[in-house]
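Dumped target-v6.csv below, it's CSV, C-alpha atoms (C1' of nucleotides):
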```
chain,number,residue,atom,x,y,z
E,1,MET,CA,21.0,226.6,223.3
E,2,ASP,CA,19.7,224.0,225.8
E,3,ASP,CA,21.2,220.5,226.0
E,4,GLN,CA,18.7,217.8,225.4
E,5,PRO,CA,19.0,215.4,228.4
E,6,ILE,CA,19.1,211.7,227.5
E,7,PRO,CA,15.8,210.2,228.7
E,8,LEU,CA,16.3,207.7,231.5
E,9,ASP,CA,14.0,204.8,232.3
E,10,ALA,CA,13.1,203.4,235.8
E,11,GLU,CA,16.4,201.5,236.1
E,12,THR,CA,18.4,204.8,235.5
E,13,LYS,CA,19.6,203.4,232.2
E,14,ALA,CA,19.3,205.2,228.9
E,15,VAL,CA,15.9,204.3,227.4
E,16,GLU,CA,15.8,201.9,224.4
E,17,GLN,CA,15.4,204.7,222.0
E,18,PRO,CA,16.4,204.3,218.4
E,19,GLU,CA,20.2,204.2,218.9
E,20,ASP,CA,22.4,206.3,216.7
E,21,HIS,CA,25.0,204.4,214.8
E,22,ARG,CA,25.7,207.0,212.2
E,23,ASP,CA,29.4,207.1,213.1
E,24,GLU,CA,29.9,203.4,212.5
E,25,LEU,CA,28.0,203.8,209.2
E,26,ARG,CA,30.3,206.6,208.1
E,27,LEU,CA,33.3,204.5,209.1
E,28,TRP,CA,32.1,201.6,207.0
E,29,LEU,CA,31.3,203.8,204.0
E,30,ARG,CA,34.8,205.3,204.1
E,31,LEU,CA,36.4,201.9,204.3
E,32,LEU,CA,34.3,200.8,201.3
E,33,THR,CA,35.2,203.9,199.4
E,34,CYS,CA,39.0,203.3,199.9
E,35,SER,CA,38.6,199.8,198.9
E,36,THR,CA,36.5,200.5,195.8
E,37,LEU,CA,38.8,203.4,194.7
E,38,ILE,CA,42.0,201.3,195.0
E,39,GLU,CA,40.5,198.2,193.5
E,40,GLY,CA,39.2,200.1,190.5
E,41,GLU,CA,42.6,201.6,189.8
E,42,VAL,CA,44.4,198.3,190.1
E,43,ARG,CA,41.8,196.7,187.8
E,44,ARG,CA,42.3,199.5,185.3
E,45,ARG,CA,46.1,199.2,185.4
E,46,LEU,CA,46.1,195.4,185.1
E,47,ARG,CA,43.9,195.7,182.0
E,48,GLU,CA,46.0,198.5,180.4
E,49,SER,CA,49.4,197.0,181.2
E,50,PHE,CA,48.8,193.3,181.0
E,51,ASP,CA,45.3,192.8,179.5
E,52,VAL,CA,44.4,190.7,182.5
E,53,THR,CA,41.4,190.9,184.9
E,54,LEU,CA,41.7,191.3,188.6
E,55,PRO,CA,40.0,188.0,189.5
E,56,ARG,CA,42.5,186.2,187.3
E,57,PHE,CA,45.4,188.0,188.9
E,58,ASP,CA,44.1,187.2,192.4
E,59,LEU,CA,43.7,183.6,191.5
E,60,MET,CA,47.3,183.4,190.2
E,61,ALA,CA,48.5,185.2,193.3
E,62,GLN,CA,47.1,182.5,195.5
E,63,LEU,CA,48.6,179.7,193.4
E,64,ASP,CA,52.0,181.4,193.3
E,65,LYS,CA,52.1,181.2,197.1
E,66,ALA,CA,51.3,177.4,196.9
E,67,PRO,CA,53.9,175.6,194.8
E,68,ASP,CA,52.3,172.2,195.5
E,69,GLY,CA,48.9,173.5,194.3
E,70,MET,CA,45.6,174.0,195.9
E,71,THR,CA,42.1,172.5,195.5
E,72,LEU,CA,39.1,174.5,194.4
E,73,SER,CA,37.8,174.5,198.0
E,74,ASP,CA,41.1,175.8,199.3
E,75,LEU,CA,41.0,178.6,196.8
E,76,SER,CA,37.4,179.3,197.5
E,77,LYS,CA,38.0,179.8,201.2
E,78,ARG,CA,41.2,181.9,200.7
E,79,MET,CA,39.7,184.2,198.0
E,80,MET,CA,36.3,184.4,199.8
E,81,VAL,CA,34.4,183.7,196.6
E,82,SER,CA,31.8,181.0,195.8
E,83,ASN,CA,32.8,177.6,194.5
E,84,GLY,CA,30.9,178.0,191.3
E,85,ASN,CA,32.7,181.2,190.6
E,86,LEU,CA,36.0,179.4,190.8
E,87,THR,CA,34.9,176.6,188.5
E,88,GLY,CA,34.5,179.2,185.7
E,89,LEU,CA,37.6,181.2,186.5
E,90,VAL,CA,39.9,178.1,186.7
E,91,GLU,CA,38.3,176.8,183.4
E,92,ARG,CA,39.3,180.0,181.6
E,93,LEU,CA,42.8,180.2,183.0
E,94,ALA,CA,43.4,176.5,182.2
E,95,ALA,CA,42.2,177.1,178.6
E,96,SER,CA,44.7,179.9,178.2
E,97,GLY,CA,47.5,177.7,179.5
E,98,HIS,CA,48.2,179.6,182.8
E,99,LEU,CA,47.4,176.7,185.0
E,100,ASP,CA,46.7,173.0,185.0
E,101,ARG,CA,44.6,170.6,187.0
E,102,GLN,CA,45.1,167.1,188.1
E,103,VAL,CA,42.8,164.8,190.0
E,104,SER,CA,44.0,164.4,193.5
E,105,ARG,CA,45.7,161.1,194.3
E,106,THR,CA,44.1,160.9,197.7
E,107,ASP,CA,40.6,162.1,196.9
E,108,ARG,CA,39.0,161.4,193.6
E,109,ARG,CA,36.5,164.2,194.0
E,110,ALA,CA,39.1,166.9,194.3
E,111,GLN,CA,41.4,168.5,191.7
E,112,VAL,CA,44.8,170.0,192.4
E,113,ILE,CA,45.3,173.3,190.6
E,114,ARG,CA,48.8,174.6,189.9
E,115,LEU,CA,50.4,177.4,187.9
E,116,THR,CA,52.2,176.3,184.7
E,117,ALA,CA,55.7,177.6,184.2
E,118,ALA,CA,54.4,180.1,181.7
E,119,GLY,CA,51.6,181.1,184.1
E,120,ARG,CA,54.1,181.6,186.9
E,121,ALA,CA,56.5,183.7,184.9
E,122,GLU,CA,53.7,185.9,183.6
E,123,PHE,CA,52.3,186.3,187.1
E,124,ARG,CA,55.7,187.3,188.6
E,125,ALA,CA,56.2,190.0,186.0
E,126,MET,CA,52.8,191.4,186.8
E,127,ALA,CA,53.2,191.1,190.6
E,128,ALA,CA,56.4,193.2,190.6
E,129,GLU,CA,54.6,196.1,188.9
E,130,HIS,CA,51.5,195.6,191.0
E,131,GLU,CA,53.5,196.0,194.2
E,132,GLY,CA,54.8,199.3,193.0
E,133,TRP,CA,51.3,200.6,192.2
E,134,ILE,CA,50.1,199.7,195.7
E,135,ALA,CA,53.0,201.5,197.3
E,136,GLU,CA,52.3,204.5,195.2
E,137,LEU,CA,48.6,204.6,196.2
E,138,PHE,CA,49.4,204.5,199.9
E,139,SER,CA,52.5,206.8,199.6
E,140,ASP,CA,51.0,209.8,201.5
E,141,LEU,CA,50.8,207.7,204.7
E,142,SER,CA,53.9,207.7,206.9
E,143,ARG,CA,55.5,204.5,208.2
E,144,LYS,CA,53.7,205.0,211.5
E,145,GLU,CA,50.4,205.7,210.0
E,146,GLN,CA,50.7,202.6,207.9
E,147,ALA,CA,51.5,200.6,211.0
E,148,ASP,CA,48.6,202.1,212.9
E,149,LEU,CA,46.2,201.4,210.0
E,150,MET,CA,47.4,197.9,209.8
E,151,ARG,CA,46.8,197.3,213.5
E,152,LEU,CA,43.3,198.9,213.4
E,153,LEU,CA,42.3,196.8,210.4
E,154,ALA,CA,43.5,193.7,212.1
E,155,LYS,CA,41.2,194.6,215.0
E,156,THR,CA,38.3,195.3,212.6
E,157,LYS,CA,38.8,192.0,210.9
E,158,LEU,CA,38.6,190.2,214.2
E,159,SER,CA,35.5,192.2,215.2
E,160,ALA,CA,33.7,191.4,212.0
E,161,ARG,CA,34.6,187.8,212.1
E,162,ARG,CA,33.4,187.5,215.7
E,163,ALA,CA,30.1,189.2,214.8
E,164,ILE,CA,29.6,187.0,211.8
E,165,ALA,CA,30.4,183.8,213.7
E,166,GLY,CA,28.0,184.8,216.4
E,167,GLU,CA,25.2,185.3,213.9
E,168,THR,CA,25.8,182.3,211.7
E,169,GLN,CA,26.9,179.9,214.5
O,1,MET,CA,75.9,193.3,212.5
O,2,ASP,CA,77.1,195.7,209.8
O,3,ASP,CA,74.5,198.0,208.2
O,4,GLN,CA,74.3,197.5,204.5
O,5,PRO,CA,74.9,201.0,203.0
O,6,ILE,CA,72.3,202.0,200.3
O,7,PRO,CA,74.2,202.0,197.0
O,8,LEU,CA,74.4,205.5,195.5
O,9,ASP,CA,74.7,206.3,191.8
O,10,ALA,CA,76.7,209.2,190.3
O,11,GLU,CA,74.0,211.8,191.2
O,12,THR,CA,74.1,210.7,194.9
O,13,LYS,CA,70.6,209.3,194.6
O,14,ALA,CA,69.5,205.8,195.7
O,15,VAL,CA,70.1,203.4,192.9
O,16,GLU,CA,67.1,201.9,191.1
O,17,GLN,CA,67.3,198.6,192.9
O,18,PRO,CA,64.1,196.4,193.3
O,19,GLU,CA,62.4,198.2,196.2
O,20,ASP,CA,60.5,196.3,198.8
O,21,HIS,CA,56.9,197.3,199.2
O,22,ARG,CA,55.6,194.1,200.9
O,23,ASP,CA,54.3,196.1,203.8
O,24,GLU,CA,52.1,198.3,201.7
O,25,LEU,CA,50.9,195.1,199.9
O,26,ARG,CA,50.0,193.5,203.2
O,27,LEU,CA,48.2,196.7,204.2
O,28,TRP,CA,46.2,196.7,201.0
O,29,LEU,CA,45.3,193.0,201.3
O,30,ARG,CA,44.1,193.5,204.9
O,31,LEU,CA,42.0,196.5,203.9
O,32,LEU,CA,40.5,194.4,201.1
O,33,THR,CA,39.8,191.5,203.4
O,34,CYS,CA,37.9,193.7,205.8
O,35,SER,CA,35.9,195.2,203.1
O,36,THR,CA,35.1,191.9,201.4
O,37,LEU,CA,34.2,190.3,204.8
O,38,ILE,CA,31.8,193.0,205.8
O,39,GLU,CA,30.3,193.5,202.4
O,40,GLY,CA,29.6,189.7,202.1
O,41,GLU,CA,27.8,189.7,205.4
O,42,VAL,CA,25.8,192.7,204.6
O,43,ARG,CA,24.8,191.2,201.3
O,44,ARG,CA,23.8,188.0,203.0
O,45,ARG,CA,21.7,189.7,205.6
O,46,LEU,CA,20.0,192.0,203.1
O,47,ARG,CA,19.0,188.9,201.0
O,48,GLU,CA,17.8,187.0,204.1
O,49,SER,CA,15.9,189.8,205.8
O,50,PHE,CA,14.6,191.8,202.9
O,51,ASP,CA,15.3,189.7,199.7
O,52,VAL,CA,17.1,192.6,198.2
O,53,THR,CA,20.6,192.8,196.6
O,54,LEU,CA,23.4,195.1,197.8
O,55,PRO,CA,23.6,197.2,194.6
O,56,ARG,CA,19.8,197.9,194.8
O,57,PHE,CA,20.2,198.9,198.4
O,58,ASP,CA,23.1,201.2,197.6
O,59,LEU,CA,21.2,202.8,194.8
O,60,MET,CA,18.2,203.5,197.0
O,61,ALA,CA,20.6,204.9,199.7
O,62,GLN,CA,21.9,207.5,197.3
O,63,LEU,CA,18.4,208.5,196.2
O,64,ASP,CA,17.1,208.7,199.8
O,65,LYS,CA,19.8,211.4,200.4
O,66,ALA,CA,18.5,213.4,197.4
O,67,PRO,CA,14.8,214.2,197.7
O,68,ASP,CA,14.9,216.2,194.4
O,69,GLY,CA,16.3,213.2,192.6
O,70,MET,CA,19.6,212.6,190.7
O,71,THR,CA,20.6,211.9,187.1
O,72,LEU,CA,22.2,208.6,186.1
O,73,SER,CA,25.5,210.5,185.7
O,74,ASP,CA,25.3,211.8,189.3
O,75,LEU,CA,24.6,208.4,190.5
O,76,SER,CA,27.4,206.9,188.5
O,77,LYS,CA,29.9,209.3,190.0
O,78,ARG,CA,28.7,208.8,193.6
O,79,MET,CA,28.5,205.1,193.4
O,80,MET,CA,31.7,204.7,191.5
O,81,VAL,CA,30.2,202.3,189.0
O,82,SER,CA,29.9,202.5,185.2
O,83,ASN,CA,27.0,204.2,183.5
O,84,GLY,CA,25.9,201.1,181.7
O,85,ASN,CA,25.7,199.3,185.0
O,86,LEU,CA,23.3,201.9,186.3
O,87,THR,CA,21.1,201.7,183.2
O,88,GLY,CA,20.2,198.1,184.1
O,89,LEU,CA,20.0,198.6,187.8
O,90,VAL,CA,17.6,201.6,187.5
O,91,GLU,CA,15.6,199.7,184.9
O,92,ARG,CA,15.0,196.8,187.3
O,93,LEU,CA,14.2,199.1,190.3
O,94,ALA,CA,11.8,201.1,188.2
O,95,ALA,CA,10.0,197.9,187.0
O,96,SER,CA,9.5,196.9,190.6
O,97,GLY,CA,8.0,200.3,191.5
O,98,HIS,CA,10.8,201.4,193.8
O,99,LEU,CA,11.7,204.5,191.8
O,100,ASP,CA,10.6,206.6,188.8
O,101,ARG,CA,12.3,208.5,186.1
O,102,GLN,CA,11.3,211.7,184.4
O,103,VAL,CA,13.1,213.5,181.6
O,104,SER,CA,14.9,216.5,182.9
O,105,ARG,CA,13.2,219.8,182.1
O,106,THR,CA,16.4,221.6,181.5
O,107,ASP,CA,18.2,218.8,179.5
O,108,ARG,CA,16.4,216.5,177.3
O,109,ARG,CA,19.2,213.9,177.4
O,110,ALA,CA,19.1,213.5,181.1
O,111,GLN,CA,16.6,211.7,183.3
O,112,VAL,CA,15.9,212.6,186.9
O,113,ILE,CA,15.6,209.5,189.1
O,114,ARG,CA,13.6,209.6,192.3
O,115,LEU,CA,12.4,207.1,195.0
O,116,THR,CA,8.7,206.5,194.9
O,117,ALA,CA,6.9,206.8,198.3
O,118,ALA,CA,6.8,203.0,198.5
O,119,GLY,CA,10.5,202.7,197.6
O,120,ARG,CA,11.4,205.3,200.2
O,121,ALA,CA,9.4,203.5,203.0
O,122,GLU,CA,10.9,200.2,202.1
O,123,PHE,CA,14.4,201.7,202.1
O,124,ARG,CA,14.0,203.4,205.4
O,125,ALA,CA,12.9,200.2,207.1
O,126,MET,CA,15.9,198.3,205.7
O,127,ALA,CA,18.3,201.2,206.5
O,128,ALA,CA,17.4,201.1,210.2
O,129,GLU,CA,18.3,197.4,210.4
O,130,HIS,CA,21.4,197.9,208.3
O,131,GLU,CA,22.8,200.6,210.6
O,132,GLY,CA,22.6,198.2,213.5
O,133,TRP,CA,24.4,195.4,211.6
O,134,ILE,CA,27.3,197.8,210.8
O,135,ALA,CA,27.5,198.9,214.4
O,136,GLU,CA,27.6,195.2,215.5
O,137,LEU,CA,30.4,194.4,213.0
O,138,PHE,CA,32.6,197.2,214.3
O,139,SER,CA,31.6,196.8,217.9
O,140,ASP,CA,35.0,195.5,219.2
O,141,LEU,CA,36.6,198.8,218.3
O,142,SER,CA,36.6,201.5,221.0
O,143,ARG,CA,35.4,205.0,220.3
O,144,LYS,CA,39.0,206.2,220.0
O,145,GLU,CA,39.9,203.3,217.7
O,146,GLN,CA,37.0,204.1,215.4
O,147,ALA,CA,38.0,207.8,215.3
O,148,ASP,CA,41.6,206.9,214.5
O,149,LEU,CA,40.6,204.5,211.8
O,150,MET,CA,38.3,207.1,210.3
O,151,ARG,CA,41.1,209.6,210.2
O,152,LEU,CA,43.6,207.1,208.7
O,153,LEU,CA,41.1,206.1,206.0
O,154,ALA,CA,40.4,209.7,205.2
O,155,LYS,CA,44.2,210.1,204.6
O,156,THR,CA,44.3,206.9,202.6
O,157,LYS,CA,41.4,208.1,200.4
O,158,LEU,CA,43.3,211.3,199.7
O,159,SER,CA,46.5,209.5,199.0
O,160,ALA,CA,44.9,207.1,196.5
O,161,ARG,CA,43.0,210.0,194.8
O,162,ARG,CA,46.2,211.9,194.4
O,163,ALA,CA,48.0,208.9,193.0
O,164,ILE,CA,45.1,208.2,190.6
O,165,ALA,CA,44.8,211.8,189.5
O,166,GLY,CA,48.5,212.0,188.8
O,167,GLU,CA,48.5,208.9,186.6
O,168,THR,CA,45.3,209.6,184.7
O,169,GLN,CA,45.5,213.4,184.6
H,1,DG,C1',28.1,146.7,205.3
H,2,DA,C1',24.3,150.0,204.6
H,3,DA,C1',22.3,154.4,205.9
H,4,DA,C1',23.2,159.0,207.0
H,5,DC,C1',26.2,162.6,206.7
H,6,DT,C1',29.8,165.5,205.0
H,7,DT,C1',32.7,167.4,201.6
H,8,DG,C1',34.3,168.8,196.7
H,9,DT,C1',32.8,170.2,192.5
H,10,DT,C1',29.7,171.5,188.7
H,11,DT,C1',25.5,173.3,186.8
H,12,DT,C1',21.9,176.6,186.4
H,13,DA,C1',19.5,180.9,186.4
H,14,DA,C1',19.6,185.4,187.5
H,15,DG,C1',21.8,189.5,188.2
H,16,DC,C1',26.0,192.5,188.4
H,17,DT,C1',29.9,194.7,186.1
H,18,DT,C1',32.9,196.5,182.9
H,19,DA,C1',34.8,198.6,178.6
H,20,DA,C1',33.9,200.1,174.3
H,21,DA,C1',31.0,201.6,170.7
H,22,DA,C1',26.9,204.0,169.4
H,23,DT,C1',23.4,207.6,169.7
H,24,DA,C1',21.6,211.9,170.8
H,25,DA,C1',21.4,216.3,172.8
H,26,DA,C1',23.9,220.3,174.5
H,27,DT,C1',27.8,223.5,174.4
H,28,DT,C1',31.8,225.8,172.5
H,29,DC,C1',34.0,228.5,169.3
H,30,DA,C1',35.6,229.9,164.9
K,1,DT,C1',25.6,229.7,161.9
K,2,DG,C1',27.7,225.5,161.6
K,3,DA,C1',31.5,222.4,162.8
K,4,DA,C1',33.8,220.3,166.6
K,5,DT,C1',33.6,218.9,171.0
K,6,DT,C1',31.6,217.5,175.3
K,7,DT,C1',28.1,215.3,178.0
K,8,DA,C1',24.2,211.9,179.1
K,9,DT,C1',22.7,207.7,178.3
K,10,DT,C1',22.1,203.1,176.1
K,11,DT,C1',23.6,199.0,173.8
K,12,DT,C1',26.7,195.2,173.2
K,13,DA,C1',29.7,191.4,174.3
K,14,DA,C1',32.2,189.3,177.6
K,15,DG,C1',33.2,188.0,181.9
K,16,DC,C1',32.3,187.9,187.0
K,17,DT,C1',29.4,186.6,190.9
K,18,DT,C1',26.1,184.6,193.6
K,19,DA,C1',22.7,181.1,195.7
K,20,DA,C1',20.6,177.0,195.2
K,21,DA,C1',20.2,172.6,193.4
K,22,DA,C1',22.5,168.5,191.7
K,23,DC,C1',25.9,165.1,191.7
K,24,DA,C1',29.6,162.3,193.2
K,25,DA,C1',33.0,160.5,196.3
K,26,DG,C1',34.5,160.3,200.9
K,27,DT,C1',33.5,159.6,206.1
K,28,DT,C1',30.8,158.3,210.2
K,29,DT,C1',27.7,155.6,212.7
K,30,DC,C1',25.1,151.9,213.9
```

What does this structure look like when you write it as structure tokens?
Amino acid sequence: MDDQPIPLDAETKAVEQPEDHRDELRLWLRLLTCSTLIEGEVRRRLRESFDVTLPRFDLMAQLDKAPDGMTLSDLSKRMMVSNGNLTGLVERLAASGHLDRQVSRTDRRAQVIRLTAAGRAEFRAMAAEHEGWIAELFSDLSRKEQADLMRLLAKTKLSARRAIAGETQ
Amino acid sequence: MDDQPIPLDAETKAVEQPEDHRDELRLWLRLLTCSTLIEGEVRRRLRESFDVTLPRFDLMAQLDKAPDGMTLSDLSKRMMVSNGNLTGLVERLAASGHLDRQVSRTDRRAQVIRLTAAGRAEFRAMAAEHEGWIAELFSDLSRKEQADLMRLLAKTKLSARRAIAGETQ
DNA sequence: GAAACTTGTTTTAAGCTTAAAATAAATTCA
DNA sequence: TGAATTTATTTTAAGCTTAAAACAAGTTTC
């Protein structure tokens, strides 16, 4: 079979023909599939084992790392979800006694959200199991493969951030 | 420094001490961050450029690949979302004239969902832009890095599927 | 100090998502 | 055949999620 030569324009550069980015698209769909697959399973196990939703678990995970508490804005940035979303989430977790809120002493607009002792204990128990599930889901990757994937995802994160910053200013 | 020997039990097997899976957890969180970051930006651009939601775009993408149409169950499996979710999504896209449904001739329970001509045209226009966005978001990765990432994610997908199949039967 | 602005949070309306229960049609099998 | 099971879809109730608008308190600038 004949090769199709790439058409060139006057400046000896490949002509602005509709570029083919199918490989990048496939890469993105595969990344999304992995993410959806694992997230769905984690969601299912959290519900079955602890009757808790993934968003609640994620929120508690953030608070567990911040003993002095966080404001809604901090949480919103860290979790990459909207402010309005957090208002409801925090409301429900406060109602169930997992966390408490106090108006900040330095800024009367802001609230400081903290895990209660009960909330922290409950989270720690869940987190221990959760860590094991994740290890199990990734267990067919060797140490080296895990390290390589980690590095490539770090680069992907930077690449996406740069592209987003460029677009949004 | 002395190496800490791994404690062995009577059967010469490593004792059930709390294992450290922090690396796998970090890997999962990084994967999730990449996915959330890119997904959020794609969602934002779809809304700004075409006033369409990501779930609608995803549904149309599946149908575009299936000229003979698909049932709700097919779509549900492919998109990894619940059946009930699709009922509503298809309902709204049918109402806006993007797709149509016909009762299957071979199975009176099932409906065959297809893009309309208008729906297909609209999707193709969006898809062309979308592919460029994805390429841009991944553009800091070299060809080789993209290929490596692709391979590692394929392995991750298999690993997760195996772990999930083992648990759920 | 007042006006302009930025930042922190809540509200609203719409849509997405799920799990579980319900319904209905098809298939299996005794 | 008829009962039991499976498969395809819808309904329901609850919660998640977002964007946009509103509000309220802090900061900057003149």

When the cut-off is 8 Å and we count only C-alpha atoms (C1' of nucleotides), which residues of chain O are near chain H, given as a PDB file with C-alpha atoms, keeping the file's coordinate frame?
```pdb
ATOM      1  CA  SER O  82      29.900 202.500 185.200  1.00  0.00           C
ATOM      2  CA  ASN O  85      25.700 199.300 185.000  1.00  0.00           C
ATOM      3  CA  ASP O 107      18.200 218.800 179.500  1.00  0.00           C
ATOM      4  CA  ARG O 108      16.400 216.500 177.300  1.00  0.00           C
ATOM      5  CA  ARG O 109      19.200 213.900 177.400  1.00  0.00           C
TER       6      ARG O 109
END
```

**Request:** Would you kindly return, as a list in words, each protein, DNA or RNA residue with an atom no farther than 8 Å from any atom of range 41-57 of chain E, considering all atoms listed in the file and excluding same-chain residues fewer than 5 positions away?
**Result:** Leu89, Leu93, Phe123, Met126, His130 and Trp133 of chain E; Ile164 of chain O

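The nearest approach to chain K among the residues E:Arg162, E:Arg151, E:His21, E:Arg92, with only C-alpha atoms (C1' of nucleotides) taken into account, belongs to E:Arg92.
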
**Item:** Local residues around (48.1, 201.6, 212.0), at most 12 Å away, using all atoms listed in the file, as JSON, numbers by chain
**Value:** {"E": [141, 142, 143, 144, 145, 146, 147, 148, 149, 150, 151, 152, 153, 154, 155, 156], "O": [23, 24, 27, 30, 31, 145, 146, 148, 149, 150, 151, 152, 153, 155, 156]}

Since we have the selection now, will you write its residues out, keeping C-alpha atoms, as a PDB file, in the coordinates of the input?
```
ATOM      1  CA  LEU E 141      50.800 207.700 204.700  1.00  0.00           C
ATOM      2  CA  SER E 142      53.900 207.700 206.900  1.00  0.00           C
ATOM      3  CA  ARG E 143      55.500 204.500 208.200  1.00  0.00           C
ATOM      4  CA  LYS E 144      53.700 205.000 211.500  1.00  0.00           C
ATOM      5  CA  GLU E 145      50.400 205.700 210.000  1.00  0.00           C
ATOM      6  CA  GLN E 146      50.700 202.600 207.900  1.00  0.00           C
ATOM      7  CA  ALA E 147      51.500 200.600 211.000  1.00  0.00           C
ATOM      8  CA  ASP E 148      48.600 202.100 212.900  1.00  0.00           C
ATOM      9  CA  LEU E 149      46.200 201.400 210.000  1.00  0.00           C
ATOM     10  CA  MET E 150      47.400 197.900 209.800  1.00  0.00           C
ATOM     11  CA  ARG E 151      46.800 197.300 213.500  1.00  0.00           C
ATOM     12  CA  LEU E 152      43.300 198.900 213.400  1.00  0.00           C
ATOM     13  CA  LEU E 153      42.300 196.800 210.400  1.00  0.00           C
ATOM     14  CA  ALA E 154      43.500 193.700 212.100  1.00  0.00           C
ATOM     15  CA  LYS E 155      41.200 194.600 215.000  1.00  0.00           C
ATOM     16  CA  THR E 156      38.300 195.300 212.600  1.00  0.00           C
TER      17      THR E 156
ATOM     18  CA  ASP O  23      54.300 196.100 203.800  1.00  0.00           C
ATOM     19  CA  GLU O  24      52.100 198.300 201.700  1.00  0.00           C
ATOM     20  CA  LEU O  27      48.200 196.700 204.200  1.00  0.00           C
ATOM     21  CA  ARG O  30      44.100 193.500 204.900  1.00  0.00           C
ATOM     22  CA  LEU O  31      42.000 196.500 203.900  1.00  0.00           C
ATOM     23  CA  GLU O 145      39.900 203.300 217.700  1.00  0.00           C
ATOM     24  CA  GLN O 146      37.000 204.100 215.400  1.00  0.00           C
ATOM     25  CA  ASP O 148      41.600 206.900 214.500  1.00  0.00           C
ATOM     26  CA  LEU O 149      40.600 204.500 211.800  1.00  0.00           C
ATOM     27  CA  MET O 150      38.300 207.100 210.300  1.00  0.00           C
ATOM     28  CA  ARG O 151      41.100 209.600 210.200  1.00  0.00           C
ATOM     29  CA  LEU O 152      43.600 207.100 208.700  1.00  0.00           C
ATOM     30  CA  LEU O 153      41.100 206.100 206.000  1.00  0.00           C
ATOM     31  CA  LYS O 155      44.200 210.100 204.600  1.00  0.00           C
ATOM     32  CA  THR O 156      44.300 206.900 202.600  1.00  0.00           C
TER      33      THR O 156
END
```

**Prompt:** Which residue out of E:Asp20, E:Asn83, E:Met70, E:Cys34 has the minimum interatomic distance to DA19 in chain K when all atoms listed in the file are used?
**Reply:**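 Closest to DA19 in chain K of all the choices is E:Asn83.
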
**Prompt:** Given a cut-off of 8 Å, which residues of chain K touch chain O, counting all atoms listed in the file, written out as a ChimeraX atom specification?
**Reply:** /K:8-10

**Message:** If I take CA of Trp28 in chain O and CA of Arg78 in chain O, how far is one from the other in Å, to one decimal?
**Reply:** 22.5 Å

**Complete:** Separating CA of Leu63 in chain E from CA of Lys157 in chain E, to the nearest tenth of an Å, is a gap of 23.5 Å

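CA of Arg101 in chain O to CA of Ala128 in chain O spans 25.7 Å [interatomic distance, one decimal].
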
**Prompt:** Between E:Ala95, E:Val90, E:Met79, E:Ala66, which one has atoms that come closest to chain O, using only C-alpha atoms?
**Reply:**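 Among the listed residues, the smallest separation from chain O belongs to E:Met79.
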
**Request:** Identify which of the residues O:Met80, O:Met60, O:His98, O:Arg124 lies closest to chain E, counting only C-alpha atoms when measuring atom-to-atom distances.
**Result:**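 Under the stated criterion, the closest residue is O:Met80.
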